[in-house]
Structure formats: C-alpha cells, structure tokens
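**Student:** One structure coming up, written as structure tokens, with questions to follow.
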Protein chains: 2
Amino acid sequence: MTIHFSEGLIASPMFSGLAPKSVERLMRVARPVRFRRGENIFLHQSRADCCYVILSGWVKLYRVTPNGNEALVRMHSQFETVGFCDGLRDQVHSYGAEAASICRLLSLPTAEIRALAAEDQEFASRLLAHTLSALEQMFDQVESLKTQTAIQRVAAFLLRHARRVEGRTVVELPFEKSLVAAHLGIKPESLSRVLARLKAHGLALNQSEIEVVNRDLLEGVIRSDPADAWA
Amino acid sequence: MTIHFSEGLIASPMFSGLAPKSVERLMRVARPVRFRRGENIFLHQSRADCCYVILSGWVKLYRVTPNGNEALVRMHSQFETVGFCDGLRDQVHSYGAEAASICRLLSLPTAEIRALAAEDQEFASRLLAHTLSALEQMFDQVESLKTQTAIQRVAAFLLRHARRVEGRTVVELPFEKSLVAAHLGIKPESLSRVLARLKAHGLALNQSEIEVVNRDLLEGVIRSDPADAWA
DNA sequence: CGCCATCTTGAGGTGTATCAAACCCAGTGG
DNA sequence: CCACTGGGTTTGATACACCTCAAGATGGCG
C-alpha cells in the first residue's frame, strides 16, 4: 500500500520523465522521513540544505511576522515539492514548513539537486516550468485576496474540492477547518459563519459533511459583485 | 540621456552577465516600443509571443475578474521584465499589462528566448533564479495581505520608498495614489484616510509631499498587533 | 463517563468599502 | 487674467465584512 520511494519521486511532476540515470543518482542520496501532525519540518530562516518531495500527507508553508502573527502561505500535498524555492538558490528558507497531518517525505540534499540541474538540461527546464506554475498559483491567490470577499473565496474553495460520489456532489475538506480558514485568509469563526450563510446558496451541511446541492447557485455567489447584495 | 537598447538589456538583472554572443543574438530580434500612460501592452489570455524589458517608466500587471473587478497583481519598473512568466511556457498570458506612465520597453520574441535558454545554460539558470525571486516576492505580498491591516501595509510601503534628501526623509510616491492603493489591496479613499491617520505616528503631509519625521514611530505601527489599539 | 481538541454560536467592536459631495490643481479657452 | 473643465484626491456619513472574546456544543478517545 505504501509507495516505494523511487515511485514517489517519479510520480512527482518535477521529476517525472527524468532520465533513469538521474533518478538513480537522486535515489542514492534521498532519505525517507516521517513527521507527525504539527511537527516542524524546517524553520523560516534556516539554511535550506534539504528539499522534500511529499509521499503522503499535507504540509503547510507559513511565515511568522515580527509581532508573532502567523501567515499560512501555501498548502502542499502528495507528490508536490517543498523547499526547492530557496534550496535552488542556496539561501535560507523564506518560509517555515510544518506537517499538517501525518506525512511521509523524501528528503533530497539541495547540493545534489543543483548539481543535477547543471548537468541534466531536461531537468533544469522542468524545474523552471514548475517554478513558473507555482508563480502563477501565487498570482491566483493574490487575485482572490484582493478582489473576493470571504464568502466568495470559501465558495470557490468548495467548488474546487467538490467531488461526485454516488450521484451526490460532496466536499471533503482536505485538512482541518482552522487550516482551511488560514489558507483562505480568514479566522476559523468566520469560516464557520460563512459556511452557515452558504446554506442559502446551494450548500447543505449535514453533521460535518458538506454537500453541493446547487452548483449554479454557488457559482453565482462567486460571480456576483460584493457591491450588489445577495440577501 | 536615453539609454541605448542594448545597454538597457544588459542592465536588466535577467540578462546581465550574458555572453556577448547571446546579447547580440537577442538584439537582432529586439524591438523598442513606447507606450503612453494607460495604453495596453498585452491582454490577459492573449498569446504570449513577446516578452518585454522595461527601459523606463512603470508597468502594471493586473487581472480582470469575471464580475468586472480588477486586481492589480504587481508593479514593475526600470530593467525589470514583463511577460516572461507565460512566454517561457508558450502559453497565454496569465495577466494583462498596462503602461502606468509613459514608458519605453524592449520587446523580445518568446520563441527566441526559449531557444536561447535551451542553448545557453548560464542564461537558463539565470532565468530560474529570477523566477524564484519573483516567487518569493509574491510570498511577501500574500503574507502582508493576510496578516497586516491597511495601515500597516501603507506604513511598510512608505518606509520601503523613503529616501533621504537634504537631511529629511521624504517619500516620493512612485506612481499615482490610486495605483498605490490598488497595489496595497485597498481603495483610494482608504489610502487617503490611512495617510491622515499616520500623521499621529511619525508622518507629515505638507501639500502632496510626504515626510517621515519619526521612523521609529512608523515602524512601531508595523510591529504592533492589530488586536492592541493604537489610539 | 469525562476529557480534550475542534468547531459553532452570540454580542459587540474595529476596519474598510461605498456613495456622494467638495476640493484642488493643471490645462484650456475665452 | 479669469472662468471652465476634468482627473485625481480628500472628506463625510453610513453600511457591511470580518475580527475578538467568551461561552456553548460536538465528537473522538482514553
């Protein structure tokens, strides 16, 4: 049931399609690591001498502001990579990483990654493409923070995570609600209230299960301008 | 007084240190373009077949949401690059670009950039480093949007742009106030009010001139937790 | 069962947006 | 020289969105 390390590596978009020789080279220095929920993976400002590929579980990237507040920057899950951003430049981490659930990672020395990038051109261009798409995702996040209200962000999040099971469209929250709230830039209490308000807009809440009963209505919440009132 | 095109190119962090052969190659296909303030450079979702280097002026990157709202994603100035993010992947632009002032750009065909990246390894790694730092800047932006209030973001912005002239610390806004507001994720009216409130925290406003009279006080505004009240 | 963490609900406060009006100021044209 | 114009900015009154603090509800788990 558990994924073998090398399978996990090549399942990651960043390493898929890598020459077998390069995979083997990486696997020689890769080490599997496990973390319990809440455990620290690396700290903000620490030397980035390891990058990680997630084999299972969720990892949260966050920053701590001078006044002790915490900003959740991104959430990452299976086969995504963590810590490359600073590792590739041989700098200190520009964010901290913490296990948001039990998770298994593959740790890779950044020195080896850099060396490989210098030799394997295909890998280098893959790295670039990967970074560019991360950048675009950050654009999305900034856009939603600047133009959408909390309700709209929640609605969009729910629709993104909605899956059809047995004819119904249900949303399984990928991680606990307080993390979902931080991810969307609001407080847990607000998330709770927003979910309650969305019951009037195509959402049904039956004891911890979230169901989308009217997709169009929910999409309407996202489309509508905050200036206009939706009752 | 005006910068020659090739000087502009190599002054850009993305192209500095490039082999003379590569510079020459790019200059053969580079074309200078001018825009008046408010003119469109490229549209969101249009094919990204040109990238740009800014020789002078300011460029704003923005997105238009389904409901007609506009989100300012980033501002760029001299020697920064615009449009590479999607050009390198041969995709459509993930944002629109507009001249925020009179500006001169150097337009480069993305096909040529991609070809050069494939051949010149040094350039490829420069591209990656550049993209990574853009990513980190987006992290900064998300952090400030999620953890700081409007007043704190304004204070931080002012301190970032404060310069010492003739013994006084003054802030010259790089572009008009409505753009500063959009950049910080607030409305122009709010920016106006916030500036007025900051007069009690080390800022002086003398008819369109902004002066930092007490840096520590301003920094205190940023440090303090929004929960605590600052009168 | 009782404990604990997580989530919800309520009351009240702060922050920012909205809409509308006044203001400032550089250009323009009489 | 002065009225007129129009964009950008400020100010005011008001509304809404979201936060804070505190109290309850829920649900897993020893």
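Chain lettering (A, B, ...) mirrors the order of the structure tokens, residue numbering begins at 1 for each chain separately, and ligand numbering begins at 1 in order of display.
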Which polymer residues have any atom within 10 Å of an atom of Ile186 (chain B), counting only C-alpha atoms (C1' of nucleotides), with same-chain residues fewer than 4 positions away left out, as a PyMOL selection string?
**Tutor:** (chain A and resi 146-147) or (chain B and resi 149-150+153-154+178-182+190-191) or (chain C and resi 16-17)
**Student:** Could you write out that same residue set with C-alpha atoms (C1' of nucleotides) as a PDB file, in the first residue's frame?
**Tutor:**
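So again_32.pdb came out as:
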```pdb
ATOM      1  CA  LYS A 146      -7.596  41.406  -3.362  1.00  0.00           C
ATOM      2  CA  THR A 147     -10.907  41.065  -5.155  1.00  0.00           C
TER       3      THR A 147
ATOM      4  CA  THR B 149      -4.065  45.800   8.235  1.00  0.00           C
ATOM      5  CA  ALA B 150      -4.257  48.558   5.647  1.00  0.00           C
ATOM      6  CA  ARG B 153       0.766  47.865   4.731  1.00  0.00           C
ATOM      7  CA  VAL B 154       0.795  51.577   3.967  1.00  0.00           C
ATOM      8  CA  SER B 178      -4.995  55.234  -6.836  1.00  0.00           C
ATOM      9  CA  LEU B 179      -2.364  52.773  -8.081  1.00  0.00           C
ATOM     10  CA  VAL B 180      -0.609  52.727  -4.728  1.00  0.00           C
ATOM     11  CA  ALA B 181      -3.947  51.872  -3.178  1.00  0.00           C
ATOM     12  CA  ALA B 182      -4.629  49.064  -5.643  1.00  0.00           C
ATOM     13  CA  SER B 190      -8.989  54.338   2.400  1.00  0.00           C
ATOM     14  CA  LEU B 191      -5.432  55.209   1.454  1.00  0.00           C
TER      15      LEU B 191
ATOM     16  C1'  DT C  16     -12.601  49.057   5.234  1.00  0.00           C
ATOM     17  C1'  DA C  17     -15.897  49.823   1.421  1.00  0.00           C
TER      18       DA C  17
END
```
**Student:** Would you mind aligning chain A to chain B, a least-squares fit over all C-alpha atoms taken in order, and returning the superposed chain as a compact mmCIF listing (two decimals) with C-alpha atoms, in the first residue's frame?
**Tutor:**
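Produced file superposed30.txt, reproduced below:
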```txt
# COMPACT_ATOMS: atom_id res chain seq x y z
CA MET A 1 20.05 60.83 -21.75
CA THR A 2 18.04 57.97 -23.14
CA ILE A 3 19.50 54.57 -22.61
CA HIS A 4 20.60 52.69 -25.65
CA PHE A 5 18.66 49.49 -26.13
CA SER A 6 21.49 47.06 -25.59
CA GLU A 7 22.58 48.95 -22.47
CA GLY A 8 19.07 48.59 -21.18
CA LEU A 9 19.10 44.89 -21.87
CA ILE A 10 22.31 44.15 -20.00
CA ALA A 11 21.31 46.46 -17.16
CA SER A 12 18.39 44.14 -16.51
CA PRO A 13 19.17 41.59 -13.81
CA MET A 14 17.82 38.86 -16.03
CA PHE A 15 20.29 39.53 -18.83
CA SER A 16 23.31 40.97 -17.06
CA GLY A 17 26.35 38.77 -17.34
CA LEU A 18 25.09 37.26 -20.55
CA ALA A 19 27.68 36.20 -23.08
CA PRO A 20 28.24 38.98 -25.67
CA LYS A 21 27.29 36.54 -28.39
CA SER A 22 23.94 35.93 -26.77
CA VAL A 23 23.34 39.64 -26.24
CA GLU A 24 24.02 40.29 -29.88
CA ARG A 25 21.66 37.53 -30.87
CA LEU A 26 18.88 38.97 -28.77
CA MET A 27 19.47 42.50 -29.99
CA ARG A 28 18.94 41.39 -33.56
CA VAL A 29 15.35 40.47 -32.77
CA ALA A 30 14.65 43.05 -30.07
CA ARG A 31 12.40 45.93 -30.98
CA PRO A 32 11.90 49.12 -28.96
CA VAL A 33 8.31 50.08 -28.24
CA ARG A 34 6.71 53.05 -26.48
CA PHE A 35 3.47 53.34 -24.64
CA ARG A 36 1.53 56.26 -23.29
CA ARG A 37 0.11 56.09 -19.82
CA GLY A 38 -2.98 53.90 -19.78
CA GLU A 39 -2.18 52.16 -23.02
CA ASN A 40 -2.48 48.43 -23.19
CA ILE A 41 0.70 46.38 -23.58
CA PHE A 42 -0.90 42.96 -23.75
CA LEU A 43 -4.18 41.45 -22.68
CA HIS A 44 -4.93 38.71 -20.23
CA GLN A 45 -5.41 35.43 -22.15
CA SER A 46 -3.69 36.68 -25.28
CA ARG A 47 -0.90 34.59 -26.79
CA ALA A 48 2.40 35.36 -25.08
CA ASP A 49 4.64 35.65 -28.10
CA CYS A 50 6.53 38.66 -26.82
CA CYS A 51 8.33 39.36 -23.56
CA TYR A 52 9.44 42.81 -22.50
CA VAL A 53 12.25 44.53 -20.67
CA ILE A 54 11.36 47.91 -19.22
CA LEU A 55 13.74 50.67 -20.28
CA SER A 56 11.83 53.40 -18.46
CA GLY A 57 8.50 53.99 -16.79
CA TRP A 58 6.09 51.81 -14.86
CA VAL A 59 4.03 48.84 -15.95
CA LYS A 60 1.14 47.39 -14.04
CA LEU A 61 0.15 43.74 -14.20
CA TYR A 62 -3.49 43.12 -13.50
CA ARG A 63 -6.30 40.67 -13.83
CA VAL A 64 -9.93 41.23 -14.54
CA THR A 65 -12.30 39.02 -12.59
CA PRO A 66 -15.51 37.55 -14.07
CA ASN A 67 -17.60 40.25 -12.38
CA GLY A 68 -15.56 43.05 -13.92
CA ASN A 69 -13.45 43.85 -10.91
CA GLU A 70 -9.77 44.51 -11.47
CA ALA A 71 -6.95 43.16 -9.30
CA LEU A 72 -3.55 44.78 -9.53
CA VAL A 73 -1.12 41.88 -9.24
CA ARG A 74 2.26 43.60 -9.47
CA MET A 75 3.97 46.82 -10.51
CA HIS A 76 7.20 46.76 -12.48
CA SER A 77 9.77 49.43 -13.23
CA GLN A 78 13.06 50.06 -14.96
CA PHE A 79 15.09 47.03 -16.01
CA GLU A 80 12.50 44.60 -14.76
CA THR A 81 10.96 42.11 -17.12
CA VAL A 82 7.32 41.64 -18.08
CA GLY A 83 5.52 38.69 -19.61
CA PHE A 84 8.25 36.09 -19.29
CA CYS A 85 6.20 34.07 -16.91
CA ASP A 86 3.91 32.77 -19.64
CA GLY A 87 6.14 33.35 -22.61
CA LEU A 88 8.68 30.81 -21.39
CA ARG A 89 6.00 28.17 -21.29
CA ASP A 90 4.48 29.11 -24.63
CA GLN A 91 1.11 29.78 -23.06
CA VAL A 92 -1.37 32.60 -23.01
CA HIS A 93 -0.68 35.49 -20.65
CA SER A 94 -1.93 34.84 -17.14
CA TYR A 95 -2.41 38.58 -16.58
CA GLY A 96 -2.77 41.77 -18.56
CA ALA A 97 -0.15 44.52 -18.73
CA GLU A 98 -0.78 48.24 -19.01
CA ALA A 99 1.49 51.27 -19.03
CA ALA A 100 1.10 53.07 -15.71
CA SER A 101 3.13 55.99 -17.03
CA ILE A 102 4.82 56.89 -20.27
CA CYS A 103 7.18 54.03 -20.79
CA ARG A 104 9.69 52.56 -23.17
CA LEU A 105 10.08 48.82 -23.45
CA LEU A 106 12.20 46.41 -25.38
CA SER A 107 10.13 43.66 -26.92
CA LEU A 108 11.67 40.23 -27.40
CA PRO A 109 10.08 37.28 -29.22
CA THR A 110 9.49 34.50 -26.72
CA ALA A 111 10.53 31.86 -29.26
CA GLU A 112 13.98 33.39 -29.35
CA ILE A 113 14.17 33.52 -25.55
CA ARG A 114 13.25 29.87 -25.29
CA ALA A 115 15.80 28.93 -27.91
CA LEU A 116 18.48 30.88 -26.11
CA ALA A 117 17.59 29.28 -22.80
CA ALA A 118 17.98 25.87 -24.37
CA GLU A 119 21.47 26.69 -25.63
CA ASP A 120 22.95 29.03 -23.07
CA GLN A 121 23.00 27.21 -19.77
CA GLU A 122 24.11 30.25 -17.83
CA PHE A 123 21.10 32.14 -19.10
CA ALA A 124 18.77 29.28 -18.19
CA SER A 125 19.96 29.26 -14.62
CA ARG A 126 19.64 33.02 -14.49
CA LEU A 127 16.04 32.69 -15.63
CA LEU A 128 15.37 30.20 -12.87
CA ALA A 129 16.93 32.39 -10.18
CA HIS A 130 14.92 35.33 -11.42
CA THR A 131 11.67 33.38 -11.33
CA LEU A 132 12.41 32.12 -7.84
CA SER A 133 12.89 35.63 -6.55
CA ALA A 134 9.64 36.71 -8.19
CA LEU A 135 7.98 33.82 -6.38
CA GLU A 136 9.42 34.96 -3.09
CA GLN A 137 8.11 38.46 -3.69
CA MET A 138 4.66 36.99 -4.16
CA PHE A 139 5.04 35.21 -0.83
CA ASP A 140 5.77 38.59 0.73
CA GLN A 141 2.67 40.04 -0.83
CA VAL A 142 0.43 37.22 0.36
CA GLU A 143 1.90 37.44 3.82
CA SER A 144 1.18 41.14 4.05
CA LEU A 145 -2.34 40.74 2.69
CA LYS A 146 -3.14 38.00 5.17
CA THR A 147 -1.59 39.40 8.32
CA GLN A 148 -1.39 43.19 8.07
CA THR A 149 -4.09 45.79 8.22
CA ALA A 150 -4.28 48.56 5.64
CA ILE A 151 -2.45 50.97 7.94
CA GLN A 152 0.41 48.56 8.42
CA ARG A 153 0.73 47.86 4.73
CA VAL A 154 0.79 51.56 3.95
CA ALA A 155 3.40 52.21 6.65
CA ALA A 156 5.57 49.40 5.31
CA PHE A 157 5.18 50.71 1.77
CA LEU A 158 6.20 54.23 2.82
CA LEU A 159 9.26 53.00 4.67
CA ARG A 160 10.29 50.92 1.66
CA HIS A 161 10.14 53.95 -0.56
CA ALA A 162 11.55 56.53 1.85
CA ARG A 163 14.77 58.23 0.68
CA ARG A 164 17.01 60.74 2.42
CA VAL A 165 17.27 64.06 0.60
CA GLU A 166 18.91 67.12 2.14
CA GLY A 167 18.81 65.67 5.60
CA ARG A 168 15.09 64.90 5.52
CA THR A 169 13.49 61.53 4.91
CA VAL A 170 10.86 61.98 2.25
CA VAL A 171 8.72 59.56 0.32
CA GLU A 172 8.19 60.10 -3.34
CA LEU A 173 5.29 57.96 -4.44
CA PRO A 174 6.45 56.04 -7.49
CA PHE A 175 3.02 56.26 -9.14
CA GLU A 176 -0.36 57.84 -8.57
CA LYS A 177 -2.21 57.24 -5.36
CA SER A 178 -5.00 55.21 -6.85
CA LEU A 179 -2.37 52.74 -8.10
CA VAL A 180 -0.62 52.70 -4.75
CA ALA A 181 -3.96 51.88 -3.18
CA ALA A 182 -4.65 49.05 -5.64
CA HIS A 183 -1.13 47.78 -5.12
CA LEU A 184 -1.80 47.56 -1.38
CA GLY A 185 -5.21 46.00 -1.88
CA ILE A 186 -7.29 48.94 -0.64
CA LYS A 187 -9.44 51.69 -2.15
CA PRO A 188 -8.07 55.17 -2.89
CA GLU A 189 -10.33 56.73 -0.27
CA SER A 190 -8.97 54.39 2.35
CA LEU A 191 -5.40 55.24 1.42
CA SER A 192 -6.19 58.89 1.84
CA ARG A 193 -7.66 58.31 5.28
CA VAL A 194 -4.83 56.03 6.35
CA LEU A 195 -2.24 58.64 5.40
CA ALA A 196 -4.13 61.16 7.49
CA ARG A 197 -4.16 58.79 10.46
CA LEU A 198 -0.43 58.18 10.13
CA LYS A 199 0.19 61.86 10.89
CA ALA A 200 -0.08 60.78 14.52
CA HIS A 201 2.59 58.15 13.97
CA GLY A 202 5.66 59.87 12.63
CA LEU A 203 4.41 61.02 9.24
CA ALA A 204 4.05 64.58 7.96
CA LEU A 205 1.99 65.63 4.96
CA ASN A 206 2.77 69.04 3.48
CA GLN A 207 0.73 69.53 0.32
CA SER A 208 1.42 66.38 -1.66
CA GLU A 209 4.83 65.86 -0.09
CA ILE A 210 5.20 63.00 2.35
CA GLU A 211 7.90 63.13 5.00
CA VAL A 212 8.91 60.55 7.57
CA VAL A 213 9.67 62.58 10.69
CA ASN A 214 9.91 59.66 13.10
CA ARG A 215 10.95 56.39 11.59
CA ASP A 216 10.73 54.46 14.87
CA LEU A 217 7.14 55.51 15.39
CA LEU A 218 6.19 54.33 11.90
CA GLU A 219 7.98 51.03 12.39
CA GLY A 220 6.08 50.67 15.63
CA VAL A 221 2.81 50.77 13.69
CA ILE A 222 3.97 47.80 11.63
CA ARG A 223 5.20 45.83 14.63
CA SER A 224 2.16 46.34 16.81
CA ASP A 225 -0.56 43.74 16.75
CA PRO A 226 -3.87 44.89 15.28
CA ALA A 227 -5.52 43.49 18.41
CA ASP A 228 -3.78 46.12 20.54
CA ALA A 229 -5.12 49.59 19.96
CA TRP A 230 -2.96 52.45 18.81
CA ALA A 231 -5.22 55.31 19.82
```
**Student:** Which is closer to chain B than all the others in D:DA23, D:DG30, D:DT9, D:DA17, using only C-alpha atoms (C1' of nucleotides)?
**Tutor:** D:DT9
**Student:** With a distance cut-off of 12 Å and only C-alpha atoms (C1' of nucleotides), select the neighbouring residues of DC29 (chain D), excluding the residue or stretch itself and same-chain residues fewer than 4 positions from it, and output the selection as number ranges by chain.
**Tutor:** C: 1-5
**Student:** Separation of C1' of DT11 (chain D) and C1' of DC25 (chain C), in Å?
**Tutor:**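 Calculated distance between C1' of DT11 (chain D) and C1' of DC25 (chain C) is 17.4 Å.
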**Student:** How many Å lie between C1' of DT18 (chain C) and C1' of DG12 (chain D), rounded to one decimal?
**Tutor:**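 These two atoms are separated by 12.0 Å.
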**Student:** Could you list the residues in chain D lying within 12 Å of chain A, using only C-alpha atoms (C1' of nucleotides), and format the result as a list in words?
**Tutor:** DA15, DC16, DA17, DC18, DC19, DT20, DC21, DT26 and DG27 of chain D
**Student:** What parts of region 1-208 of chain A does DSSP call strand (DSSP E or B)? I'd like the answer as number ranges by chain.
**Tutor:** A: 31-35, 40-42, 47, 50-56, 59-64, 70-76, 81-82, 92, 96-99, 103-109, 162-165, 168-171, 203-206
